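Structure file query_1.csv (CSV, C-alpha atoms and all ligand atoms) is printed below.
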chain,number,residue,atom,x,y,z
G,1,MET,CA,1.9,13.6,-17.1
G,2,ARG,CA,2.5,10.3,-18.9
G,3,GLU,CA,5.4,11.8,-20.9
G,4,VAL,CA,7.2,13.5,-17.9
G,5,LEU,CA,6.8,10.5,-15.7
G,6,TYR,CA,7.2,7.5,-18.0
G,7,ALA,CA,8.8,8.4,-21.4
G,8,PRO,CA,11.5,5.8,-21.9
G,9,ASN,CA,14.9,6.9,-20.5
G,10,LEU,CA,13.6,10.5,-20.0
G,11,GLY,CA,10.6,10.3,-17.7
G,12,TYR,CA,10.8,10.9,-14.0
G,13,TYR,CA,10.2,7.2,-13.2
G,14,SER,CA,12.1,5.9,-16.2
G,15,ALA,CA,15.4,7.8,-15.8
G,16,GLY,CA,18.0,7.1,-13.1
G,17,ALA,CA,17.3,9.7,-10.4
G,18,THR,CA,17.2,8.8,-6.7
G,19,LYS,CA,13.5,9.7,-6.2
G,20,PHE,CA,12.6,7.9,-3.0
G,21,GLY,CA,13.9,8.6,0.5
G,22,ALA,CA,15.6,11.5,2.3
G,23,ALA,CA,18.2,11.8,-0.6
G,24,GLY,CA,15.5,11.9,-3.2
G,25,ASP,CA,12.3,14.0,-3.8
G,26,PHE,CA,9.8,12.4,-1.5
G,27,VAL,CA,9.5,9.8,1.2
G,28,THR,CA,6.9,7.0,1.0
G,29,ALA,CA,5.7,4.8,3.9
G,30,PRO,CA,8.0,1.8,3.2
G,31,GLU,CA,11.0,4.2,2.9
G,32,LEU,CA,10.1,5.8,6.2
G,33,SER,CA,9.8,2.6,8.3
G,34,GLU,CA,10.6,-1.0,7.8
G,35,LEU,CA,7.6,-1.9,9.9
G,36,PHE,CA,5.2,-0.5,7.4
G,37,GLY,CA,5.5,-3.6,5.1
G,38,VAL,CA,5.6,-5.9,8.1
G,39,ALA,CA,2.3,-4.4,9.3
G,40,VAL,CA,0.8,-4.8,5.8
G,41,ALA,CA,1.8,-8.5,5.8
G,42,ASP,CA,0.4,-8.8,9.4
G,43,SER,CA,-3.0,-7.5,8.3
G,44,PHE,CA,-3.3,-10.3,5.8
G,45,ALA,CA,-1.7,-13.0,8.0
G,46,ALA,CA,-5.0,-14.6,9.0
G,47,TRP,CA,-5.9,-15.1,5.3
G,48,GLN,CA,-2.4,-16.1,4.1
G,49,PRO,CA,-2.9,-15.5,0.3
G,50,SER,CA,-0.8,-17.9,-1.6
G,51,SER,CA,0.4,-15.2,-4.1
G,52,VAL,CA,1.1,-11.5,-3.8
G,53,LEU,CA,1.4,-9.2,-6.8
G,54,GLU,CA,2.8,-5.8,-6.1
G,55,LEU,CA,2.2,-3.0,-8.6
G,56,GLY,CA,4.8,-0.2,-8.9
G,57,ALA,CA,7.2,-1.4,-6.3
G,58,GLY,CA,9.5,1.6,-6.3
G,59,SER,CA,12.8,0.8,-4.6
G,60,GLY,CA,11.6,-2.7,-3.6
G,61,ARG,CA,11.4,-1.9,0.1
G,62,LEU,CA,7.8,-2.8,0.6
G,63,ALA,CA,8.4,-6.2,-1.1
G,64,GLN,CA,11.4,-6.8,1.2
G,65,GLN,CA,9.5,-5.8,4.3
G,66,PHE,CA,6.5,-7.9,3.4
G,67,ILE,CA,8.5,-11.0,2.5
G,68,GLU,CA,10.7,-10.8,5.5
G,69,GLY,CA,7.9,-10.0,7.9
G,70,ALA,CA,5.2,-12.4,6.6
G,71,THR,CA,4.5,-15.4,8.8
G,72,TRP,CA,3.8,-17.5,5.6
G,73,ARG,CA,5.6,-17.8,2.3
G,74,PRO,CA,3.6,-16.4,-0.6
G,75,ALA,CA,4.8,-16.4,-4.2
G,76,TYR,CA,5.7,-12.7,-4.6
G,77,SER,CA,5.7,-11.0,-8.0
G,78,ILE,CA,6.1,-7.4,-9.1
G,79,LEU,CA,4.7,-5.5,-12.1
G,80,GLU,CA,6.7,-2.4,-12.6
G,81,LEU,CA,6.4,0.2,-15.4
G,82,SER,CA,9.9,1.6,-15.0
G,83,ALA,CA,12.8,-0.4,-16.4
G,84,ASP,CA,15.2,1.5,-14.1
G,85,LEU,CA,13.2,0.8,-11.0
G,86,ARG,CA,12.8,-2.8,-11.9
G,87,GLU,CA,16.6,-3.1,-12.1
G,88,ARG,CA,16.9,-1.5,-8.6
G,89,GLN,CA,14.3,-3.8,-7.2
G,90,GLN,CA,16.1,-6.8,-8.6
G,91,GLN,CA,19.3,-5.7,-6.8
G,92,ARG,CA,17.6,-5.2,-3.5
G,93,LEU,CA,15.6,-8.4,-3.7
G,94,SER,CA,18.4,-10.6,-5.1
G,95,SER,CA,18.3,-13.0,-2.1
G,96,HIS,CA,14.5,-13.3,-2.2
G,97,SER,CA,12.4,-15.4,-4.5
G,98,VAL,CA,10.5,-12.7,-6.5
G,99,THR,CA,9.2,-12.9,-10.1
G,100,TRP,CA,9.0,-9.7,-12.3
G,101,LEU,CA,6.1,-9.7,-14.7
G,102,ASP,CA,6.1,-7.9,-18.1
G,103,ALA,CA,2.3,-7.6,-18.2
G,104,MET,CA,-0.7,-7.9,-16.0
G,105,PRO,CA,-1.7,-11.6,-15.7
G,106,GLY,CA,-4.8,-12.7,-17.5
G,107,ARG,CA,-6.3,-14.1,-14.3
G,108,LEU,CA,-5.6,-13.0,-10.7
G,109,VAL,CA,-5.7,-15.0,-7.5
G,110,GLY,CA,-4.5,-13.7,-4.1
G,111,LEU,CA,-3.4,-10.3,-2.9
G,112,THR,CA,-2.6,-7.3,-5.2
G,113,LEU,CA,-0.8,-4.4,-3.5
G,114,ALA,CA,-0.4,-0.9,-4.7
G,115,ASN,CA,1.2,1.7,-2.5
G,116,GLU,CA,1.2,5.2,-4.0
G,117,VAL,CA,0.7,3.9,-7.5
G,118,LEU,CA,-2.7,5.5,-8.3
G,119,ASP,CA,-1.5,9.0,-7.5
G,120,ALA,CA,1.3,8.5,-10.1
G,121,THR,CA,-1.2,7.4,-12.8
G,122,PRO,CA,-1.6,10.1,-15.4
G,123,CYS,CA,-4.8,12.0,-15.0
G,124,GLU,CA,-6.7,14.6,-16.9
G,125,LEU,CA,-7.0,18.3,-15.9
G,126,VAL,CA,-10.5,19.7,-16.2
G,127,ARG,CA,-11.7,23.2,-15.8
G,128,TYR,CA,-15.1,24.8,-15.7
G,129,HIS,CA,-14.9,28.1,-17.5
G,130,ALA,CA,-17.4,30.5,-19.1
G,131,GLY,CA,-20.3,28.0,-18.8
G,132,GLN,CA,-18.5,24.9,-20.2
G,133,TYR,CA,-16.1,22.1,-19.2
G,134,GLU,CA,-12.7,22.3,-20.7
G,135,ARG,CA,-9.8,19.8,-20.8
G,136,GLY,CA,-6.2,20.9,-20.2
G,137,TYR,CA,-3.5,20.3,-22.9
G,138,VAL,CA,0.2,21.0,-22.9
G,139,THR,CA,1.8,22.6,-25.8
G,140,VAL,CA,5.1,24.4,-26.6
G,141,VAL,CA,5.5,28.0,-27.5
G,142,ASN,CA,8.5,29.9,-28.8
G,143,ASP,CA,9.0,32.5,-26.0
G,144,THR,CA,11.8,34.8,-27.0
G,145,SER,CA,11.6,36.7,-23.7
G,146,ASP,CA,13.2,33.9,-21.6
G,147,HIS,CA,16.8,33.2,-22.5
G,148,ARG,CA,17.6,31.1,-19.4
G,149,ILE,CA,16.0,27.9,-20.9
G,150,GLY,CA,16.1,28.7,-24.6
G,151,SER,CA,13.2,30.1,-26.4
G,152,TRP,CA,10.9,27.0,-26.2
G,153,ARG,CA,8.7,26.4,-23.2
G,154,PHE,CA,5.6,24.4,-22.2
G,155,VAL,CA,2.3,26.1,-21.6
G,156,MET,CA,-1.2,24.9,-20.7
G,157,THR,CA,-4.0,25.4,-23.1
G,158,TRP,CA,-7.7,24.7,-22.5
G,159,HIS,CA,-10.3,23.4,-25.0
G,160,PRO,CA,-13.9,22.2,-24.7
G,161,ILE,CA,-13.9,18.5,-23.9
G,162,ALA,CA,-14.5,16.5,-27.1
G,163,ASP,CA,-14.4,13.1,-25.4
G,164,ALA,CA,-18.0,12.1,-24.5
G,165,GLN,CA,-17.0,10.0,-21.5
G,166,LEU,CA,-14.7,12.6,-20.0
G,167,ARG,CA,-17.3,15.3,-20.6
G,168,ALA,CA,-20.1,13.3,-18.9
G,169,VAL,CA,-17.8,12.5,-15.9
G,170,ALA,CA,-16.7,16.1,-15.6
G,171,GLN,CA,-20.4,17.3,-15.6
G,172,GLU,CA,-21.2,14.8,-12.9
G,173,ARG,CA,-18.2,15.5,-10.6
G,174,ILE,CA,-16.7,19.0,-11.1
G,175,PRO,CA,-18.6,21.9,-9.6
G,176,ALA,CA,-19.8,24.5,-12.1
G,177,ILE,CA,-17.9,27.3,-10.5
G,178,ASP,CA,-16.1,29.6,-12.9
G,179,GLY,CA,-12.3,29.0,-12.9
G,180,TYR,CA,-12.6,25.7,-10.9
G,181,VAL,CA,-9.8,23.3,-11.9
G,182,SER,CA,-9.5,19.7,-10.8
G,183,GLU,CA,-8.4,16.2,-11.9
G,184,ILE,CA,-10.3,13.2,-13.2
G,185,ASN,CA,-8.3,10.0,-13.4
G,186,LEU,CA,-10.0,7.7,-15.9
G,187,GLU,CA,-6.8,5.7,-16.3
G,188,ALA,CA,-6.6,4.8,-12.6
G,189,GLU,CA,-10.3,3.8,-12.7
G,190,ALA,CA,-9.5,1.6,-15.8
G,191,LEU,CA,-6.6,0.0,-14.0
G,192,ILE,CA,-8.8,-0.9,-11.0
G,193,ALA,CA,-11.5,-2.2,-13.3
G,194,THR,CA,-9.1,-4.4,-15.2
G,195,LEU,CA,-7.6,-5.8,-12.0
G,196,CYS,CA,-11.1,-6.6,-10.6
G,197,ASP,CA,-12.3,-8.0,-13.8
G,198,ARG,CA,-9.4,-10.4,-13.9
G,199,LEU,CA,-9.7,-11.3,-10.2
G,200,ASP,CA,-11.0,-14.8,-9.6
G,201,ASP,CA,-10.5,-15.0,-5.9
G,202,GLY,CA,-8.6,-12.4,-3.8
G,203,ALA,CA,-8.2,-8.8,-2.9
G,204,ILE,CA,-6.7,-5.6,-4.1
G,205,CYS,CA,-5.2,-3.3,-1.4
G,206,MET,CA,-4.6,0.3,-2.5
G,207,VAL,CA,-2.8,2.8,-0.2
G,208,ASP,CA,-2.6,6.4,-1.2
G,209,TYR,CA,-3.4,10.0,-0.4
G,210,GLY,CA,-6.8,11.1,-1.4
G,211,PHE,CA,-10.4,11.6,-0.4
G,212,PRO,CA,-13.9,10.3,-1.0
G,213,ARG,CA,-15.5,12.3,-3.9
G,214,ARG,CA,-17.6,14.5,-1.7
G,215,GLU,CA,-14.4,15.8,0.0
G,216,TYR,CA,-12.4,15.9,-3.2
G,217,TYR,CA,-14.4,18.2,-5.4
G,218,VAL,CA,-15.4,20.7,-2.7
G,219,PRO,CA,-16.0,24.3,-3.8
G,220,ASP,CA,-13.0,25.5,-1.7
G,221,ARG,CA,-10.5,23.3,-3.6
G,222,ARG,CA,-10.6,25.5,-6.7
G,223,GLY,CA,-7.1,24.6,-8.0
G,224,GLY,CA,-7.4,20.8,-7.7
G,225,THR,CA,-4.7,18.6,-6.1
G,226,LEU,CA,-2.1,18.2,-8.8
G,227,ALA,CA,1.3,18.7,-7.1
G,228,CYS,CA,5.0,18.3,-7.9
G,229,HIS,CA,7.8,17.0,-5.7
G,230,TYR,CA,11.4,18.0,-6.2
G,231,ARG,CA,14.1,17.5,-3.5
G,232,GLN,CA,11.6,17.3,-0.6
G,233,GLN,CA,9.8,20.5,-1.8
G,234,VAL,CA,6.3,20.7,-3.1
G,235,HIS,CA,5.1,23.2,-5.7
G,236,PHE,CA,2.2,23.3,-8.2
G,237,ASP,CA,3.7,23.9,-11.6
G,238,PRO,CA,3.7,20.6,-13.6
G,239,LEU,CA,5.4,22.3,-16.5
G,240,LEU,CA,8.7,23.0,-14.7
G,241,LEU,CA,11.6,20.6,-14.7
G,242,PRO,CA,10.1,18.0,-17.1
G,243,GLY,CA,11.3,14.5,-16.2
G,244,LEU,CA,13.2,15.7,-13.2
G,245,GLN,CA,10.3,16.2,-10.7
G,246,ASP,CA,7.4,13.9,-9.6
G,247,VAL,CA,3.9,15.0,-10.7
G,248,THR,CA,1.1,13.5,-8.8
G,249,ALA,CA,-2.6,14.0,-8.0
G,250,HIS,CA,-4.8,12.9,-5.0
G,251,VAL,CA,-7.0,9.8,-5.5
G,252,ASP,CA,-10.8,10.0,-5.7
G,253,PHE,CA,-11.4,6.9,-3.7
G,254,THR,CA,-15.1,6.9,-4.5
G,255,ALA,CA,-14.2,6.5,-8.2
G,256,MET,CA,-11.8,3.6,-7.4
G,257,ALA,CA,-14.5,1.9,-5.3
G,258,GLU,CA,-17.1,2.4,-8.1
G,259,ALA,CA,-14.7,1.0,-10.7
G,260,ALA,CA,-14.2,-2.1,-8.5
G,261,VAL,CA,-17.9,-2.6,-7.9
G,262,ASP,CA,-18.8,-2.2,-11.5
G,263,ALA,CA,-16.2,-4.9,-12.3
G,264,GLY,CA,-17.9,-7.3,-9.9
G,265,ALA,CA,-15.8,-6.8,-6.8
G,266,GLU,CA,-17.0,-5.8,-3.3
G,267,VAL,CA,-15.6,-3.1,-1.0
G,268,ILE,CA,-14.1,-5.0,2.0
G,269,CYS,CA,-12.6,-2.0,3.8
G,270,TYR,CA,-12.0,1.7,3.4
G,271,CYS,CA,-10.2,3.5,6.3
G,272,ALA,CA,-7.4,5.9,7.2
G,273,GLN,CA,-3.9,4.5,7.1
G,274,ALA,CA,-3.5,4.9,10.9
G,275,GLN,CA,-6.6,2.7,11.6
G,276,PHE,CA,-5.3,0.1,9.2
G,277,LEU,CA,-1.8,0.0,10.7
G,278,LEU,CA,-3.1,0.0,14.3
G,279,ALA,CA,-5.5,-2.8,13.6
G,280,ALA,CA,-2.6,-4.7,12.0
G,281,GLY,CA,-0.7,-4.5,15.4
G,282,LEU,CA,1.9,-2.0,14.3
G,283,LEU,CA,2.5,-0.7,17.9
G,284,ASP,CA,2.9,-4.3,19.2
G,285,ARG,CA,5.4,-5.0,16.4
G,286,MET,CA,7.2,-1.8,17.3
G,287,GLN,CA,7.5,-2.9,21.0
G,288,ARG,CA,8.6,-6.4,20.1
G,289,THR,CA,11.4,-5.3,17.7
G,290,PRO,CA,14.8,-5.6,19.2
G,291,TRP,CA,16.4,-2.3,18.2
G,292,PRO,CA,20.2,-2.4,18.3
G,293,ASP,CA,20.4,0.8,20.4
G,294,GLU,CA,18.4,3.7,21.9
G,295,ARG,CA,19.2,5.9,18.9
G,296,SER,CA,17.6,3.4,16.4
G,297,ARG,CA,14.6,3.0,18.7
G,298,VAL,CA,14.0,6.8,18.8
G,299,THR,CA,14.4,7.1,15.0
G,300,ALA,CA,12.0,4.2,14.5
G,301,THR,CA,9.4,5.7,16.9
G,302,SER,CA,9.5,9.0,15.1
G,303,ALA,CA,8.9,7.3,11.8
G,304,ILE,CA,6.0,5.3,13.2
G,305,GLN,CA,4.6,8.6,14.6
G,306,LYS,CA,4.7,10.0,11.0
G,307,LEU,CA,2.8,7.0,9.7
G,308,LEU,CA,0.1,7.3,12.3
G,309,ALA,CA,-0.3,11.0,13.2
G,310,PRO,CA,-3.5,12.5,11.8
G,311,THR,CA,-1.6,15.6,10.8
G,312,GLU,CA,1.0,13.5,8.8
G,313,MET,CA,0.3,10.3,6.9
G,314,GLY,CA,-2.2,8.7,9.4
G,315,GLU,CA,-5.4,10.4,8.2
G,316,PHE,CA,-4.1,11.9,4.9
G,317,PHE,CA,-3.4,8.5,3.5
G,318,LYS,CA,-6.3,6.0,3.0
G,319,VAL,CA,-6.5,2.3,2.5
G,320,LEU,CA,-9.1,0.8,0.1
G,321,ILE,CA,-9.4,-3.0,0.0
G,322,VAL,CA,-11.7,-4.6,-2.6
G,323,GLY,CA,-12.1,-8.3,-3.3
G,324,LYS,CA,-14.0,-11.3,-4.7
G,325,GLY,CA,-14.6,-14.9,-3.9
G,326,GLU,CA,-13.5,-16.8,-0.7
G,327,ALA,CA,-11.1,-13.9,0.2
G,328,LEU,CA,-14.2,-12.0,1.3
G,329,THR,CA,-14.8,-14.5,4.1
G,330,ALA,CA,-11.1,-14.6,5.1
G,331,LEU,CA,-11.0,-10.7,5.2
G,332,ALA,CA,-14.4,-10.3,7.0
G,333,PRO,CA,-12.7,-9.2,10.2
G,334,LEU,CA,-11.6,-6.0,8.4
G,335,ALA,CA,-15.3,-4.9,8.8
G,336,ALA,CA,-14.3,-3.8,12.3
G,337,ILE,CA,-12.4,-0.8,10.9
G,338,ASP,CA,-14.4,-0.3,7.7
G,339,GLN,CA,-15.6,3.3,7.0
G,340,SER,CA,-16.8,2.7,3.4
G,341,TYR,CA,-19.9,4.7,4.3
G,342,ARG,CA,-17.6,7.8,3.8
G,343,LEU,CA,-17.1,6.9,0.1
I,401,LIG,C1,5.2,7.0,-6.1
I,401,LIG,S1,6.0,5.6,-6.7
I,401,LIG,C2,5.7,4.4,-5.3
I,401,LIG,C3,6.7,3.4,-5.2
I,401,LIG,C4,6.5,2.4,-4.0
I,401,LIG,N1,5.2,1.6,-4.2
I,401,LIG,C5,6.6,3.0,-2.7
I,401,LIG,O1,5.6,3.1,-2.0
I,401,LIG,O2,7.7,3.5,-2.3
I,401,LIG,C6,5.0,4.9,-8.0
I,401,LIG,C7,5.5,3.6,-8.6
I,401,LIG,O3,4.4,3.1,-9.4
I,401,LIG,C8,5.0,2.7,-10.7
I,401,LIG,N2,3.8,2.6,-11.6
I,401,LIG,C9,3.0,3.6,-11.9
I,401,LIG,N3,1.9,3.2,-12.6
I,401,LIG,C10,2.1,1.8,-12.7
I,401,LIG,C11,1.4,0.8,-13.4
I,401,LIG,N4,0.3,1.0,-14.0
I,401,LIG,N5,1.8,-0.5,-13.3
I,401,LIG,C12,3.0,-0.7,-12.6
I,401,LIG,N6,3.7,0.2,-12.0
I,401,LIG,C13,3.3,1.5,-12.1
I,401,LIG,C14,6.1,3.7,-10.9
I,401,LIG,O4,7.0,3.3,-11.8
I,401,LIG,C15,6.7,3.7,-9.5
I,401,LIG,O5,7.5,2.6,-9.2

Starting from the file, lay out its structure as structure tokens.
Amino acid sequence: MREVLYAPNLGYYSAGATKFGAAGDFVTAPELSELFGVAVADSFAAWQPSSVLELGAGSGRLAQQFIEGATWRPAYSILELSADLRERQQQRLSSHSVTWLDAMPGRLVGLTLANEVLDATPCELVRYHAGQYERGYVTVVNDTSDHRIGSWRFVMTWHPIADAQLRAVAQERIPAIDGYVSEINLEAEALIATLCDRLDDGAICMVDYGFPRREYYVPDRRGGTLACHYRQQVHFDPLLLPGLQDVTAHVDFTAMAEAAVDAGAEVICYCAQAQFLLAAGLLDRMQRTPWPDERSRVTATSAIQKLLAPTEMGEFFKVLIVGKGEALTALAPLAAIDQSYRL
């Protein structure tokens, strides 16, 4: 997953394909509606963090929406793994004061935002088979039967988990049902742990698709959640089109919350995206926006519907906000929509 997404010049996020939006492979919330980033800014307006760090800013739209919509002027910085996307962000945000970082800062203060970053973090595939937990590996074989793509192709192989940490986590989380396959994302957990460890005073807001653990590893979901996106189509073979398609897995939000708490942070709020955006006043913003014509208003309304509808992104996407220090007091009103008991 790391290679096909991030290998320099070749990986899906490193190479120059369109990716986001209707002309690309998938549509994220800030690509769908310019009011998404405005609503995110509105939800932190009472706190007014002096600095905002965005991880994995994609096309730069969320940054643009946040900066233009915010009622205060935070110092905005972006940490982006992909050199290609960083360049595109710099073009989009050329008239805004944004700093691009080469590495995560040693200490963090203020708000850190990550929209659809955790699902793009390389995960492990784990399978329960014949009484033991196995880890999935990718290898190449010389397959002389398929002449369309040459004789070399990728295949999955499974081996008993040698890594003690991964084995322990697999035993704890993955149901012992023969043939059950799922994902464990230790790298995403480590990312949240590092962010929280370095956080002196502030909050980390993660928006992504996923579930609490007890809904993630249910017996019925025997094939896991790993999925691939290519030209607005979804399929489940990560070995196809290496570097040309997105590969992603749902987020175990319980694991993210545990990683944060273990690193000394507190869970401020966990809820569905719809609740978060409604509490931020998205509908009010929508009504107050002077759309140039009726067509634009209808298009914008339909996008908002997608962000909020339970059958679209409203319930499927979750928001997890964790924090430390005085930010906890400033963000206390988010308790009104908190459902962290579900984690
Ligand atoms: C699915 S895209 C989402 C882009 C954007 N946030 C949006 O909502 O449209 C994932 C983004 O996260 C970046 N990314 C993934 N892991 C990262 C990390 N550890 N640090 C910084 N950026 C990362 C990718 O390069 C890409 O820009």

Rank G:Ala39, G:Ala327, G:Met256, G:Cys228 by their smallest atom-to-atom distance to Gly243 of chain G, using only C-alpha atoms, and report the top residue only. G:Cys228

(-7.6, 23.0, -10.4) in this file's frame - what residues fall within 10 Å of it? Use all atoms listed in the file and give the answer as a list in words.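 Result, sorted by chain then residue number: Leu125, Val126, Arg127, Tyr128, Ile174, Gly179, Tyr180, Val181, Ser182, Glu183, Tyr217, Arg221, Arg222, Gly223, Gly224, Thr225 and Leu226 of chain G.
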
I'd like to know which of G:Pro74, G:Pro175, G:Gly21, G:Gly16 is closest to Gln48 of chain G, using all atoms listed in the file. G:Pro74

What is the distance between atom CA of Ile337 of chain G and atom CA of Ser33 of chain G, in Å to one decimal? 22.6 Å

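If you look at atom O1 of ligand LIG 401 (chain I) and atom CA of Val138 of chain G, they are 28.0 Å away from each other.
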
What would segment 174-188 of chain G look like with N, CA and C atoms restored, written as a short mmCIF file (atom, residue, chain, number, x, y, z; two decimals), in the coordinates of the input?
data_model
loop_
_atom_site.label_atom_id
_atom_site.label_comp_id
_atom_site.auth_asym_id
_atom_site.auth_seq_id
_atom_site.Cartn_x
_atom_site.Cartn_y
_atom_site.Cartn_z
N ILE G 174 -17.38 17.68 -11.35
CA ILE G 174 -16.70 19.00 -11.10
C ILE G 174 -17.69 20.09 -10.93
N PRO G 175 -17.60 20.82 -9.82
CA PRO G 175 -18.60 21.90 -9.60
C PRO G 175 -18.53 22.96 -10.68
N ALA G 176 -19.73 23.42 -11.05
CA ALA G 176 -19.80 24.50 -12.10
C ALA G 176 -19.54 25.82 -11.48
N ILE G 177 -18.29 26.01 -11.08
CA ILE G 177 -17.90 27.30 -10.50
C ILE G 177 -16.81 27.85 -11.43
N ASP G 178 -17.01 29.05 -11.89
CA ASP G 178 -16.10 29.60 -12.90
C ASP G 178 -14.65 29.57 -12.44
N GLY G 179 -13.77 29.01 -13.25
CA GLY G 179 -12.30 29.00 -12.90
C GLY G 179 -11.95 27.73 -12.11
N TYR G 180 -12.92 26.88 -11.74
CA TYR G 180 -12.60 25.70 -10.90
C TYR G 180 -11.83 24.69 -11.77
N VAL G 181 -10.67 24.26 -11.24
CA VAL G 181 -9.80 23.30 -11.90
C VAL G 181 -9.66 22.06 -11.04
N SER G 182 -9.76 20.88 -11.61
CA SER G 182 -9.50 19.70 -10.80
C SER G 182 -9.06 18.54 -11.75
N GLU G 183 -8.89 17.36 -11.16
CA GLU G 183 -8.40 16.20 -11.90
C GLU G 183 -9.49 15.15 -12.00
N ILE G 184 -9.44 14.39 -13.10
CA ILE G 184 -10.30 13.20 -13.20
C ILE G 184 -9.29 12.11 -13.72
N ASN G 185 -9.27 10.98 -13.01
CA ASN G 185 -8.30 10.00 -13.40
C ASN G 185 -8.95 8.71 -13.95
N LEU G 186 -9.33 8.81 -15.22
CA LEU G 186 -10.00 7.70 -15.90
C LEU G 186 -9.04 6.48 -16.01
N GLU G 187 -7.74 6.79 -16.13
CA GLU G 187 -6.80 5.70 -16.30
C GLU G 187 -6.64 4.87 -15.02
N ALA G 188 -6.65 5.56 -13.88
CA ALA G 188 -6.60 4.80 -12.60
C ALA G 188 -7.86 3.97 -12.43
#
